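Peer 1: Sharing model_27.txt (compact mmCIF, C-alpha atoms) below.
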# COMPACT_ATOMS: atom_id res chain seq x y z
CA MET D 1 5.67 -11.61 46.89
CA GLY D 2 5.26 -9.13 44.04
CA LYS D 3 1.99 -8.46 42.28
CA ILE D 4 0.79 -10.63 39.41
CA ILE D 5 -0.39 -8.68 36.37
CA GLY D 6 -3.07 -9.69 33.89
CA ILE D 7 -2.35 -9.07 30.23
CA ASP D 8 -4.73 -9.11 27.29
CA LEU D 9 -2.33 -9.72 24.41
CA GLY D 10 -4.53 -8.75 21.49
CA THR D 11 -4.11 -9.01 17.73
CA THR D 12 -4.40 -5.23 17.36
CA ASN D 13 -4.22 -3.80 20.88
CA SER D 14 -3.01 -5.03 24.24
CA CYS D 15 -3.88 -4.03 27.75
CA VAL D 16 -2.58 -4.68 31.27
CA ALA D 17 -4.36 -4.75 34.63
CA VAL D 18 -3.53 -5.38 38.26
CA MET D 19 -5.62 -6.12 41.33
CA ASP D 20 -6.12 -2.91 43.28
CA GLY D 21 -7.51 -4.17 46.58
CA ASP D 22 -10.33 -6.46 45.40
CA LYS D 23 -10.95 -4.69 42.10
CA PRO D 24 -9.01 -5.07 38.87
CA ARG D 25 -7.51 -1.84 37.59
CA VAL D 26 -6.52 -1.28 33.97
CA ILE D 27 -3.26 0.66 33.86
CA GLU D 28 -2.58 3.61 31.55
CA ASN D 29 0.67 3.45 29.57
CA ALA D 30 3.29 6.20 29.23
CA GLU D 31 1.16 7.86 26.52
CA GLY D 32 -1.81 7.93 28.88
CA ASP D 33 -3.81 5.29 26.99
CA ARG D 34 -5.44 2.23 28.50
CA THR D 35 -4.58 0.14 25.46
CA THR D 36 -1.31 -0.18 23.57
CA PRO D 37 -1.21 -1.07 19.86
CA SER D 38 0.32 -4.57 19.40
CA ILE D 39 2.72 -3.18 16.82
CA VAL D 40 6.51 -3.40 16.71
CA ALA D 41 8.55 -1.36 14.21
CA PHE D 42 12.21 -1.80 13.41
CA MET D 43 14.11 1.38 12.54
CA ASP D 44 17.81 1.81 11.70
CA GLU D 45 18.88 2.30 15.28
CA GLU D 46 15.91 1.55 17.50
CA VAL D 47 12.80 -0.55 17.95
CA LEU D 48 9.44 1.19 18.40
CA VAL D 49 6.55 -0.45 20.24
CA GLY D 50 2.91 0.63 20.49
CA GLN D 51 1.56 4.01 19.47
CA THR D 52 4.91 5.28 18.14
CA ALA D 53 5.17 2.21 15.90
CA LYS D 54 1.58 2.68 14.72
CA ARG D 55 2.20 6.33 13.79
CA GLN D 56 4.80 5.39 11.21
CA ALA D 57 3.21 2.16 9.97
CA VAL D 58 2.06 3.46 6.59
CA THR D 59 5.40 5.09 5.77
CA ASN D 60 7.52 2.11 6.86
CA PRO D 61 5.26 -0.85 6.03
CA GLU D 62 7.80 -3.59 5.41
CA ASN D 63 9.46 -3.16 8.83
CA THR D 64 6.33 -2.61 10.88
CA LEU D 65 5.07 -5.86 12.35
CA PHE D 66 1.41 -5.99 13.37
CA ALA D 67 -1.15 -8.76 14.02
CA VAL D 68 1.69 -11.20 14.75
CA LYS D 69 -0.75 -13.04 17.01
CA ARG D 70 -2.21 -14.61 13.84
CA LEU D 71 1.15 -16.33 13.28
CA ILE D 72 2.14 -17.31 16.81
CA GLY D 73 2.62 -21.04 17.25
CA ARG D 74 1.69 -21.76 13.62
CA ARG D 75 3.43 -23.67 10.84
CA PHE D 76 4.35 -21.78 7.67
CA ASN D 77 2.26 -24.04 5.43
CA GLU D 78 -0.97 -23.61 7.43
CA GLU D 79 -3.85 -22.10 5.49
CA ALA D 80 -4.23 -19.17 7.92
CA VAL D 81 -0.56 -18.25 7.44
CA GLN D 82 -0.73 -18.44 3.66
CA LYS D 83 -3.79 -16.19 3.75
CA ASP D 84 -1.94 -13.73 5.99
CA ILE D 85 1.02 -13.53 3.58
CA LYS D 86 -1.25 -12.08 0.90
CA LEU D 87 -2.63 -9.46 3.27
CA VAL D 88 0.34 -7.98 5.14
CA PRO D 89 3.09 -5.72 3.77
CA TYR D 90 5.88 -7.31 5.84
CA LYS D 91 7.64 -10.58 5.04
CA ILE D 92 6.44 -13.88 6.50
CA VAL D 93 9.07 -16.58 6.03
CA GLU D 94 9.51 -20.27 6.77
CA ALA D 95 11.88 -21.10 9.63
CA ASP D 96 14.24 -24.08 9.44
CA ASN D 97 11.82 -26.13 11.54
CA GLY D 98 8.80 -25.24 9.37
CA ASP D 99 7.34 -22.57 11.69
CA ALA D 100 6.02 -19.27 10.39
CA TRP D 101 8.51 -16.47 11.18
CA VAL D 102 8.62 -12.82 10.23
CA GLU D 103 11.37 -10.70 8.76
CA ALA D 104 12.19 -7.01 9.24
CA ARG D 105 15.37 -5.15 8.23
CA GLY D 106 16.79 -8.44 6.96
CA LYS D 107 16.47 -10.10 10.37
CA LYS D 108 14.32 -13.19 10.79
CA MET D 109 12.36 -13.49 14.03
CA ALA D 110 9.98 -15.97 15.64
CA PRO D 111 6.55 -14.50 16.45
CA PRO D 112 7.06 -14.96 20.22
CA GLU D 113 10.12 -12.66 20.00
CA VAL D 114 7.96 -9.94 18.47
CA SER D 115 5.07 -10.47 20.89
CA ALA D 116 7.63 -10.35 23.73
CA ARG D 117 8.38 -6.72 22.75
CA VAL D 118 4.72 -5.87 23.29
CA LEU D 119 4.62 -7.82 26.56
CA GLN D 120 7.77 -6.00 27.71
CA LYS D 121 5.99 -2.70 27.21
CA MET D 122 2.97 -3.96 29.16
CA LYS D 123 5.30 -5.12 31.94
CA LYS D 124 7.00 -1.71 32.02
CA THR D 125 3.59 0.04 32.09
CA ALA D 126 2.65 -1.97 35.18
CA GLU D 127 6.04 -1.43 36.84
CA ASP D 128 5.89 2.35 36.33
CA PHE D 129 2.45 2.38 37.94
CA LEU D 130 3.27 0.06 40.84
CA GLY D 131 6.77 1.36 41.49
CA GLU D 132 8.15 -2.15 41.82
CA GLU D 133 9.40 -4.94 39.59
CA VAL D 134 6.84 -7.32 38.11
CA THR D 135 7.87 -10.89 37.26
CA GLU D 136 4.62 -12.85 37.10
CA ALA D 137 1.65 -12.62 34.77
CA VAL D 138 -1.56 -14.22 33.57
CA ILE D 139 -2.12 -13.88 29.81
CA THR D 140 -5.33 -14.44 27.85
CA VAL D 141 -5.57 -16.31 24.53
CA PRO D 142 -8.44 -17.12 22.14
CA ALA D 143 -10.41 -20.22 23.14
CA TYR D 144 -9.48 -21.92 19.85
CA PHE D 145 -5.71 -21.67 20.46
CA ASN D 146 -4.08 -25.11 20.39
CA ASP D 147 -1.23 -26.33 22.62
CA SER D 148 1.44 -25.00 20.27
CA GLN D 149 -0.12 -21.51 20.19
CA ARG D 150 -0.52 -21.49 23.98
CA GLN D 151 3.07 -22.60 24.51
CA ALA D 152 4.33 -19.95 22.07
CA THR D 153 2.43 -17.31 24.06
CA LYS D 154 4.11 -18.56 27.25
CA ASP D 155 7.48 -18.40 25.46
CA ALA D 156 6.78 -14.77 24.54
CA GLY D 157 6.16 -14.06 28.23
CA LYS D 158 9.41 -15.74 29.19
CA ILE D 159 11.41 -13.71 26.65
CA ALA D 160 9.79 -10.58 28.11
CA GLY D 161 10.99 -11.59 31.56
CA LEU D 162 7.64 -12.81 32.83
CA ASP D 163 6.84 -16.10 34.50
CA VAL D 164 3.42 -16.89 32.97
CA LYS D 165 1.44 -18.42 35.83
CA ARG D 166 -1.57 -19.21 33.76
CA ILE D 167 -3.03 -18.93 30.28
CA ILE D 168 -6.75 -18.11 30.39
CA ASN D 169 -9.31 -18.28 27.58
CA GLU D 170 -10.41 -14.81 26.49
CA PRO D 171 -14.17 -15.50 26.61
CA THR D 172 -13.82 -16.93 30.13
CA ALA D 173 -11.87 -13.83 31.18
CA ALA D 174 -14.60 -11.64 29.66
CA ALA D 175 -17.31 -13.54 31.54
CA LEU D 176 -15.35 -13.09 34.78
CA ALA D 177 -14.85 -9.39 34.05
CA TYR D 178 -18.62 -9.00 33.71
CA GLY D 179 -19.10 -10.70 37.09
CA MET D 180 -20.78 -13.76 35.62
CA ASP D 181 -19.25 -15.86 38.39
CA LYS D 182 -20.99 -13.80 41.07
CA SER D 183 -24.56 -14.83 40.38
CA LYS D 184 -25.87 -18.22 41.44
CA GLY D 185 -27.18 -20.99 39.22
CA ASP D 186 -26.22 -22.50 35.87
CA LYS D 187 -25.99 -20.17 32.87
CA LYS D 188 -25.25 -20.32 29.20
CA ILE D 189 -23.77 -17.19 27.68
CA VAL D 190 -22.52 -15.96 24.33
CA VAL D 191 -19.35 -13.88 24.22
CA TYR D 192 -19.34 -11.81 21.03
CA ASP D 193 -15.85 -10.39 20.65
CA LEU D 194 -15.23 -8.03 17.74
CA GLY D 195 -11.73 -6.63 18.20
CA GLY D 196 -9.40 -4.65 16.00
CA GLY D 197 -8.22 -7.53 13.86
CA THR D 198 -10.33 -10.56 14.63
CA PHE D 199 -13.86 -11.66 15.41
CA ASP D 200 -14.52 -14.47 17.88
CA VAL D 201 -17.77 -15.82 19.20
CA SER D 202 -17.88 -18.37 22.03
CA ILE D 203 -20.65 -20.22 23.82
CA ILE D 204 -19.82 -20.66 27.48
CA GLU D 205 -21.55 -22.77 30.08
CA ILE D 206 -21.21 -21.64 33.68
CA ALA D 207 -22.03 -24.47 36.05
CA ASP D 208 -22.76 -23.84 39.71
CA VAL D 209 -21.10 -26.73 41.52
CA ASP D 210 -21.96 -26.24 45.20
CA GLY D 211 -21.46 -22.49 44.92
CA ASP D 212 -18.25 -22.95 42.96
CA MET D 213 -18.49 -21.54 39.43
CA GLN D 214 -17.01 -23.70 36.68
CA PHE D 215 -16.58 -22.31 33.19
CA GLU D 216 -16.61 -24.46 30.09
CA VAL D 217 -16.25 -23.21 26.53
CA LEU D 218 -18.78 -25.34 24.62
CA SER D 219 -17.96 -24.03 21.16
CA THR D 220 -16.10 -21.25 19.46
CA ASN D 221 -16.13 -19.78 15.97
CA GLY D 222 -15.27 -16.57 14.19
CA ASP D 223 -13.23 -14.92 11.48
CA THR D 224 -9.55 -14.20 12.11
CA PHE D 225 -9.58 -11.62 9.32
CA LEU D 226 -12.48 -9.44 10.39
CA GLY D 227 -12.21 -6.59 12.87
CA GLY D 228 -12.26 -2.88 13.52
CA GLU D 229 -9.47 -2.21 11.04
CA ASP D 230 -11.70 -3.46 8.23
CA PHE D 231 -14.29 -0.90 9.33
CA ASP D 232 -11.58 1.81 9.24
CA ASN D 233 -10.51 0.69 5.77
CA ARG D 234 -14.05 0.97 4.40
CA LEU D 235 -14.19 4.55 5.60
CA MET D 236 -10.72 5.25 4.21
CA ASP D 237 -11.70 3.94 0.77
CA TYR D 238 -14.80 6.12 0.82
CA LEU D 239 -12.78 9.23 1.75
CA VAL D 240 -10.23 8.50 -1.00
CA ASP D 241 -13.07 8.11 -3.53
CA GLU D 242 -14.77 11.33 -2.47
CA PHE D 243 -11.51 13.25 -2.60
CA ARG D 244 -10.77 11.90 -6.06
CA LYS D 245 -14.21 13.03 -7.23
CA SER D 246 -13.89 16.52 -5.73
CA ASP D 247 -10.20 17.29 -6.26
CA GLY D 248 -9.15 14.85 -8.97
CA VAL D 249 -6.25 13.51 -6.90
CA ASP D 250 -5.81 9.86 -5.93
CA LEU D 251 -4.28 9.70 -2.44
CA LYS D 252 -3.63 5.95 -2.68
CA GLY D 253 -0.16 6.57 -4.08
CA ASP D 254 0.84 8.93 -1.26
CA PRO D 255 1.87 7.03 1.89
CA LEU D 256 2.08 10.11 4.10
CA ALA D 257 -1.43 11.19 3.15
CA MET D 258 -2.68 7.63 3.69
CA GLN D 259 -1.16 7.52 7.18
CA ARG D 260 -3.01 10.71 8.11
CA LEU D 261 -6.17 9.38 6.50
CA LYS D 262 -5.96 6.10 8.41
CA ASP D 263 -5.74 7.95 11.74
CA ALA D 264 -8.54 10.30 10.70
CA ALA D 265 -10.81 7.42 9.61
CA GLU D 266 -10.38 5.62 12.94
CA LYS D 267 -11.09 8.85 14.82
CA ALA D 268 -14.18 9.60 12.72
CA LYS D 269 -15.50 6.06 13.25
CA ILE D 270 -15.14 6.47 17.03
CA GLU D 271 -16.81 9.89 16.98
CA LEU D 272 -19.77 8.49 15.02
CA SER D 273 -20.52 6.13 17.90
CA THR D 274 -21.73 9.15 19.89
CA ALA D 275 -22.41 11.80 17.21
CA GLN D 276 -24.71 11.58 14.20
CA GLN D 277 -22.16 13.22 11.93
CA THR D 278 -18.53 14.29 11.90
CA ASP D 279 -16.11 16.21 9.69
CA VAL D 280 -12.92 14.67 8.39
CA ASN D 281 -10.73 17.72 8.11
CA LEU D 282 -7.15 17.31 6.84
CA PRO D 283 -5.47 20.54 5.76
CA TYR D 284 -2.58 20.23 3.30
CA VAL D 285 -3.31 16.54 2.80
CA THR D 286 -1.46 16.65 -0.53
CA ALA D 287 -0.46 19.02 -3.30
CA ASP D 288 -0.44 19.07 -7.08
CA ALA D 289 0.77 21.55 -9.71
CA SER D 290 -1.98 23.98 -8.75
CA GLY D 291 -0.91 24.10 -5.10
CA PRO D 292 -1.87 22.49 -1.77
CA LYS D 293 -5.09 20.50 -1.38
CA HIS D 294 -7.23 20.28 1.75
CA MET D 295 -9.68 17.55 2.63
CA ASN D 296 -12.93 18.42 4.33
CA ILE D 297 -15.58 15.72 4.06
CA LYS D 298 -18.74 15.29 6.10
CA VAL D 299 -19.53 11.74 7.16
CA THR D 300 -22.83 10.77 8.75
CA ARG D 301 -23.44 7.76 10.97
CA ALA D 302 -25.90 6.45 8.36
CA LYS D 303 -23.19 6.65 5.70
CA LEU D 304 -20.70 4.74 7.85
CA GLU D 305 -23.33 2.11 8.60
CA SER D 306 -24.05 1.61 4.91
CA LEU D 307 -20.30 1.26 4.20
CA VAL D 308 -19.82 -1.49 6.80
CA ASP D 309 -23.19 -3.22 6.53
CA ASP D 310 -21.78 -6.40 5.03
CA LEU D 311 -18.98 -6.58 7.64
CA VAL D 312 -21.52 -6.68 10.44
CA ALA D 313 -23.49 -9.27 8.49
CA ARG D 314 -20.35 -11.45 8.26
CA THR D 315 -20.45 -11.92 12.04
CA ILE D 316 -23.89 -13.57 11.98
CA GLU D 317 -22.94 -16.86 10.35
CA PRO D 318 -20.16 -17.73 12.86
CA CYS D 319 -22.70 -17.10 15.65
CA LYS D 320 -25.12 -19.57 14.08
CA VAL D 321 -22.37 -22.14 13.59
CA ALA D 322 -21.20 -21.76 17.20
CA LEU D 323 -24.75 -22.30 18.46
CA LYS D 324 -25.13 -25.34 16.23
CA ASP D 325 -21.79 -26.79 17.41
CA ALA D 326 -22.89 -26.34 21.01
CA GLY D 327 -26.14 -28.09 20.14
CA MET D 328 -28.21 -25.13 21.24
CA SER D 329 -30.83 -22.71 19.99
CA ALA D 330 -30.70 -18.95 20.51
CA SER D 331 -33.59 -19.12 22.99
CA GLU D 332 -31.47 -21.18 25.42
CA ILE D 333 -28.92 -18.37 25.84
CA ASP D 334 -29.23 -16.43 29.11
CA ASP D 335 -26.84 -13.58 28.37
CA VAL D 336 -24.81 -12.01 25.59
CA ILE D 337 -21.56 -10.22 26.42
CA LEU D 338 -20.15 -7.77 23.88
CA VAL D 339 -16.38 -7.47 23.96
CA GLY D 340 -13.86 -5.60 21.82
CA GLY D 341 -13.64 -1.97 20.79
CA GLN D 342 -15.62 -2.38 17.58
CA THR D 343 -18.75 -3.51 19.49
CA ARG D 344 -19.07 0.07 20.76
CA MET D 345 -20.45 1.06 17.38
CA PRO D 346 -24.23 1.45 17.90
Translate the structure described by the file into structure tokens.

Peer 2:
Amino acid sequence: MGKIIGIDLGTTNSCVAVMDGDKPRVIENAEGDRTTPSIVAFMDEEVLVGQTAKRQAVTNPENTLFAVKRLIGRRFNEEAVQKDIKLVPYKIVEADNGDAWVEARGKKMAPPEVSARVLQKMKKTAEDFLGEEVTEAVITVPAYFNDSQRQATKDAGKIAGLDVKRIINEPTAAALAYGMDKSKGDKKIVVYDLGGGTFDVSIIEIADVDGDMQFEVLSTNGDTFLGGEDFDNRLMDYLVDEFRKSDGVDLKGDPLAMQRLKDAAEKAKIELSTAQQTDVNLPYVTADASGPKHMNIKVTRAKLESLVDDLVARTIEPCKVALKDAGMSASEIDDVILVGGQTRMP
């Protein structure tokens, strides 16, 4: 009886855990990170998954597949898919059966095939840590996923060589992770999940049935096109503007510079969660006739906050709608759980 792993298959990042005695343990991948970017890139000879795929995303945009979770189990003509087509650099195509598929290097693929590559890496991460083969998993999905999206997630697991024992709702998993099942009595909680690519808010009722905790998702809402990457992009745009003002060069046309800038913006954002200001320092970011150019721009936490003000504001309305759909007022909520990397911003 091998161990069952738990996988958070995210839009932007994924993560894998295993029970270590009676405690769950998140496992570091080969790069030493606890999360793995949900990105798959197709090169001439090989397929890159995770951080290596992310590192070359800006220079190989049409063959780098990210946020495929937005397409999984969806039809090509769905509104969400049509919106996605306008926003991603890779090709989204219609399969013979009307499903939304993706294309890279001239090869058409179903989203579960792409997600399976990410799941395979998560499986390998667990196997390297445990020193034994892993064949069974539990995978989380957004509460709003329909049967088709849930089945497609299971299919992705199967392709990756995993028997998916159960599909669990993300907000329920978050409530469990915060030990909400340990305390007695009925509770109503809000799970506010602002991840890398999506924002979800769910109202959960935990009912104490003779000491047995039952979870029910009363309502869910959100914005599938709002997440940490939008925060990064705001900072990137600001840095590009400042550099254009100071050095008269527009970096937008330089993919290599933009790749470095994207990484630097994400890093600066993370640093500003603990520090009041940070320096974005990129030597030799580009060159013109007069020689090499270096970027060195100070960014304060206040500046970042003003750049992303409206993004934070966009999360308020879905919260109100979710409360309304659950037929509740804010005063009836016992607890709020913040989930997702972007909620670490003060």

Peer 1: Within 12 Å of (-17.5, -6.1, 5.2), in the coordinates the file gives, what residues turn up when you count only C-alpha atoms, written out as a ChimeraX atom specification?

Peer 2: /D:223,225-235,304-316

Peer 1: Please indicate the distance in Å from atom CA of D:Gly73 to atom CA of D:Arg166, rounded to one decimal place.

Peer 2: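 Answer for the atom CA of D:Gly73 to atom CA of D:Arg166 separation: 17.1 Å.
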
Peer 1: Kindly indicate which residue among D:Asp128, D:Glu170, D:Asp147, D:Glu62 lies nearest to D:Gly6, using all atoms listed in the file for the distances.

Peer 2: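 So, comparing all the options, the nearest one is D:Glu170.
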
Peer 1: Please return as a list of chain:residue names every residue within 9 Å of (12.1, -5.1, 21.9), taking into account all atoms listed in the file and the file's own coordinates.

Peer 2: D:Val40, D:Glu46, D:Val47, D:Leu48, D:Val49, D:Glu113, D:Val114, D:Ser115, D:Ala116, D:Arg117, D:Val118, D:Gln120, D:Lys121, D:Ala160

Peer 1: Which one is closest to D:Gly106: D:Val18, D:Met43, D:Val280, D:Val58? Count only C-alpha atoms.

Peer 2: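 Closest to D:Gly106 of all the choices is D:Met43.
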
Peer 1: For the atom pair atom CA of D:Glu271 and atom CA of D:Met236, what is the interatomic distance in Å to one decimal place?

Peer 2: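 About the pair atom CA of D:Glu271 and atom CA of D:Met236: they are 14.9 Å apart.
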
Peer 1: If we count all atoms listed in the file and set the cut-off at 8 Å, which residues sit around stretch 181-190 of chain D, ignoring sequence neighbours fewer than 5 positions away in its own chain? Please answer as a PyMOL selection string.

Peer 2: chain D and resi 175-176+201-208+211+213+332-337

Peer 1: Store the residues of this selection in a file with C-alpha atoms, as an mmCIF file, in the frame of the given file.

Peer 2:
data_model
loop_
_atom_site.group_PDB
_atom_site.id
_atom_site.type_symbol
_atom_site.label_atom_id
_atom_site.label_comp_id
_atom_site.auth_asym_id
_atom_site.auth_seq_id
_atom_site.Cartn_x
_atom_site.Cartn_y
_atom_site.Cartn_z
ATOM 1 C CA ALA D 175 -17.310 -13.540 31.540
ATOM 2 C CA LEU D 176 -15.350 -13.090 34.780
ATOM 3 C CA VAL D 201 -17.770 -15.820 19.200
ATOM 4 C CA SER D 202 -17.880 -18.370 22.030
ATOM 5 C CA ILE D 203 -20.650 -20.220 23.820
ATOM 6 C CA ILE D 204 -19.820 -20.660 27.480
ATOM 7 C CA GLU D 205 -21.550 -22.770 30.080
ATOM 8 C CA ILE D 206 -21.210 -21.640 33.680
ATOM 9 C CA ALA D 207 -22.030 -24.470 36.050
ATOM 10 C CA ASP D 208 -22.760 -23.840 39.710
ATOM 11 C CA GLY D 211 -21.460 -22.490 44.920
ATOM 12 C CA MET D 213 -18.490 -21.540 39.430
ATOM 13 C CA GLU D 332 -31.470 -21.180 25.420
ATOM 14 C CA ILE D 333 -28.920 -18.370 25.840
ATOM 15 C CA ASP D 334 -29.230 -16.430 29.110
ATOM 16 C CA ASP D 335 -26.840 -13.580 28.370
ATOM 17 C CA VAL D 336 -24.810 -12.010 25.590
ATOM 18 C CA ILE D 337 -21.560 -10.220 26.420
#

Peer 1: Might you pull out every residue within 12 Å of D:Ala152, with all atoms listed in the file counted and same-chain residues fewer than 4 positions away left off, and present them as a ChimeraX atom specification?

Peer 2: /D:68-75,99-100,110-116,139,141,145-148,156-159,164,167

Peer 1: Taking 4 positions as the minimum chain separation for residues in the same chain, which residues sit within 9 Å of D:Leu256 when counting all atoms listed in the file? Answer as an NGL selection string.

Peer 2: :D and (56 or 58-59 or 260-261 or 285-286)

Peer 1: Tell me which protein, DNA and RNA residues are within 6 Å of stretch 320-330 of chain D, counting all atoms listed in the file, leaving out same-chain ones fewer than 4 positions away, and put them as a PyMOL selection string.

Peer 2: chain D and resi 218-221

Peer 1: For D:Met345, which residue out of D:Ile39, D:Ala174, D:Ala302, D:Cys15 is the nearest one, using all atoms listed in the file?

Peer 2: D:Ala302

Peer 1: What does the distance between atom CA of D:Glu136 and atom CA of D:Leu162 come to in Å, to one decimal place?

Peer 2: 5.2 Å

Peer 1: Grab all the atoms of stretch 299-307 of chain D that the file lists, wrap them in a box along x, y and z, add 4 Å per side, and give me centre plus edge lengths in Å (one decimal) as lines of an AutoDock Vina configuration file.

Peer 2:
center_x = -22.7
center_y = 6.5
center_z = 7.6
size_x = 14.4
size_y = 18.5
size_z = 14.8
